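**Student:** One structure is given below, represented as structure tokens, and several questions about it will come after.
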Amino acid sequence: MAQVEATTERVVAADAEKVFDALADYSGTRAKLLPEQFSEYEVREGGDGEGTLVHWKLQATSKRVRDCLLEVTEPTDGQLVEKDRNSSMVTTWTVTPAGEGRSRVVVTTVWNGAGGIGGFFEKTFAPKGLGRIYDAVLAKLATEVEK
């Protein structure tokens with residue numbers, strides 16, 4: 001089993017605190033940012049950053065649906081970590097200042113991939129697919145915070 005990693009980033013025309021607050025707002029803003037690949041979104045505990053427990057289903061391909069139950073932590077300033085209780089998947093959102101009134105948002109997801117030929121295809125294609133999904137999330141985030 002090899003570790004699979006997908007990373008996407010975007011510079012947003014809003015200050016880092018505003019961007020981070022939008023991402024950490026699981027009970028409000030976050031649901032608005034999710035494209036059609038996400039379904040059954042539900043905040044089960046908390047709702048604002050650290051201590052949140054959130055559920056969704058992520059349909060990465062026509063055949064692959066992940067049932068995700070994510071525990072949210074904030075290990076450092078400007079960072080949200082979502083650990084899936086149902087798999088090895090961990091998604092880290094990092095928001096840093098990128099000049100006057102701008103911030104850089106980097107989202108990285110890692111998980112233990114399958115072995116064999118299936119693992120080869122997963123490691124080859126899954127990061128690109130997940131990258132497209134997170135590009136859509138970051139585009140919606142930019143629209144939301146740049147208002």
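Numbering starts fresh at 1 for the residues of each chain in the structure tokens, the chains themselves are lettered A, B, ... in the order given, and ligands are numbered from 1 as they appear.
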Within 7 Å of segment 13-17 of chain A, counting only C-alpha atoms, which residues show up once you throw out same-chain ones fewer than 4 positions away? Write them as a VMD selection string, please.
**Tutor:** chain A and resid 21 95 to 97 101 to 103 145 to 146
**Student:** With a cut-off of 10 Å, could you pull out the residues of segment 90-135 of chain A touching segment 31-49 of chain A and give me the nearest pair of atoms for each, distance in Å to one decimal, using only C-alpha atoms, ordered by chain and ascending number, as a Markdown table?
**Tutor:**
```
| residue | atom | partner | partner_atom | distance |
| --- | --- | --- | --- | --- |
| A:Ile133 | CA | A:Pro35 | CA | 7.3 |
| A:Tyr134 | CA | A:Pro35 | CA | 8.8 |
| A:Asp135 | CA | A:Pro35 | CA | 9.8 |
```
**Student:** Give me a file of those residues, with N, CA, C and O atoms, as an mmCIF file, in the first residue's frame.
**Tutor:**
```
data_model
loop_
_atom_site.group_PDB
_atom_site.id
_atom_site.type_symbol
_atom_site.label_atom_id
_atom_site.label_comp_id
_atom_site.auth_asym_id
_atom_site.auth_seq_id
_atom_site.Cartn_x
_atom_site.Cartn_y
_atom_site.Cartn_z
ATOM 1 N N ILE A 133 -11.830 18.366 -7.993
ATOM 2 C CA ILE A 133 -12.892 18.589 -7.003
ATOM 3 C C ILE A 133 -12.507 19.748 -6.089
ATOM 4 O O ILE A 133 -13.304 20.659 -5.839
ATOM 5 N N TYR A 134 -11.268 19.742 -5.574
ATOM 6 C CA TYR A 134 -10.846 20.807 -4.668
ATOM 7 C C TYR A 134 -10.631 22.140 -5.387
ATOM 8 O O TYR A 134 -10.788 23.189 -4.782
ATOM 9 N N ASP A 135 -10.313 22.111 -6.688
ATOM 10 C CA ASP A 135 -10.283 23.358 -7.467
ATOM 11 C C ASP A 135 -11.661 24.017 -7.427
ATOM 12 O O ASP A 135 -11.771 25.237 -7.288
#
```
**Student:** Check segment 15-82 of chain A with DSSP on the backbone and list each residue it calls strand (DSSP E), as a list in words.
**Tutor:**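 Listing strand (DSSP E) positions across segment 15-82 of chain A yields Phe38, Ser39, Glu40, Tyr41, Glu42, Val43, Arg44, Glu45, Leu53, Val54, His55, Trp56, Lys57, Leu58, Gln59, Val65, Arg66, Asp67, Cys68, Leu69, Leu70, Glu71, Val72, Thr73, Gln79, Leu80, Val81 and Glu82 of chain A.
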**Student:** Using only C-alpha atoms, determine which residues lie at most 9 Å from segment 122-124 of chain A, disregarding the query and same-chain residues fewer than 2 positions distant; provide the list as a PyMOL selection string.
**Tutor:** chain A and resi 2-5+113-114+117-120+126-128
**Student:** May I have the residues within 7 Å of segment 74-85 of chain A as an MDAnalysis selection string, using only C-alpha atoms and disregarding those fewer than 6 positions away in the same chain?
**Tutor:** chainID A and resid 20 49:50 68 91:96
**Student:** For the residues selected in the previous step, produce a file with N, CA, C and O atoms as a PDB file, in the first residue's frame.
**Tutor:**
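Writing done, so here's again16.pdb:
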```pdb
ATOM      1  N   PHE A  20      -9.808  31.758   6.470  1.00  0.00           N
ATOM      2  CA  PHE A  20      -9.780  30.665   7.442  1.00  0.00           C
ATOM      3  C   PHE A  20     -11.133  30.535   8.148  1.00  0.00           C
ATOM      4  O   PHE A  20     -11.661  29.429   8.302  1.00  0.00           O
ATOM      5  N   GLY A  49     -14.668  24.952  13.359  1.00  0.00           N
ATOM      6  CA  GLY A  49     -13.266  24.557  13.544  1.00  0.00           C
ATOM      7  C   GLY A  49     -13.061  23.396  14.486  1.00  0.00           C
ATOM      8  O   GLY A  49     -13.790  22.405  14.443  1.00  0.00           O
ATOM      9  N   GLU A  50     -12.044  23.536  15.333  1.00  0.00           N
ATOM     10  CA  GLU A  50     -11.627  22.499  16.293  1.00  0.00           C
ATOM     11  C   GLU A  50     -12.823  21.888  17.013  1.00  0.00           C
ATOM     12  O   GLU A  50     -13.697  22.603  17.491  1.00  0.00           O
ATOM     13  N   CYS A  68     -17.574   9.607   4.495  1.00  0.00           N
ATOM     14  CA  CYS A  68     -16.574  10.267   5.340  1.00  0.00           C
ATOM     15  C   CYS A  68     -17.198  10.788   6.635  1.00  0.00           C
ATOM     16  O   CYS A  68     -18.239  11.441   6.606  1.00  0.00           O
ATOM     17  N   THR A  91      -7.234  15.283   5.360  1.00  0.00           N
ATOM     18  CA  THR A  91      -7.175  16.483   4.527  1.00  0.00           C
ATOM     19  C   THR A  91      -6.734  17.653   5.394  1.00  0.00           C
ATOM     20  O   THR A  91      -7.296  17.878   6.467  1.00  0.00           O
ATOM     21  N   THR A  92      -5.722  18.378   4.927  1.00  0.00           N
ATOM     22  CA  THR A  92      -5.188  19.530   5.650  1.00  0.00           C
ATOM     23  C   THR A  92      -5.388  20.786   4.815  1.00  0.00           C
ATOM     24  O   THR A  92      -4.975  20.833   3.651  1.00  0.00           O
ATOM     25  N   TRP A  93      -6.052  21.768   5.413  1.00  0.00           N
ATOM     26  CA  TRP A  93      -6.265  23.083   4.796  1.00  0.00           C
ATOM     27  C   TRP A  93      -5.313  24.054   5.485  1.00  0.00           C
ATOM     28  O   TRP A  93      -5.352  24.180   6.708  1.00  0.00           O
ATOM     29  N   THR A  94      -4.479  24.744   4.713  1.00  0.00           N
ATOM     30  CA  THR A  94      -3.544  25.712   5.278  1.00  0.00           C
ATOM     31  C   THR A  94      -3.776  27.066   4.606  1.00  0.00           C
ATOM     32  O   THR A  94      -3.748  27.163   3.374  1.00  0.00           O
ATOM     33  N   VAL A  95      -4.013  28.087   5.426  1.00  0.00           N
ATOM     34  CA  VAL A  95      -4.267  29.436   4.925  1.00  0.00           C
ATOM     35  C   VAL A  95      -3.163  30.347   5.451  1.00  0.00           C
ATOM     36  O   VAL A  95      -2.943  30.429   6.659  1.00  0.00           O
ATOM     37  N   THR A  96      -2.450  31.011   4.525  1.00  0.00           N
ATOM     38  CA  THR A  96      -1.368  31.920   4.916  1.00  0.00           C
ATOM     39  C   THR A  96      -1.518  33.241   4.161  1.00  0.00           C
ATOM     40  O   THR A  96      -2.044  33.265   3.043  1.00  0.00           O
TER      41      THR A  96
END
```
**Student:** Would you work out the distance separating atom CA of Tyr26 of chain A from atom CA of Thr7 of chain A, expressed in Å to one decimal?
**Tutor:** 21.0 Å
**Student:** Taking the backbone alone, and naming residues the way the document does, which bits of chain A are alpha helix (DSSP H) by DSSP, as number ranges by chain?
**Tutor:** A: 16-24, 29-33, 116-145
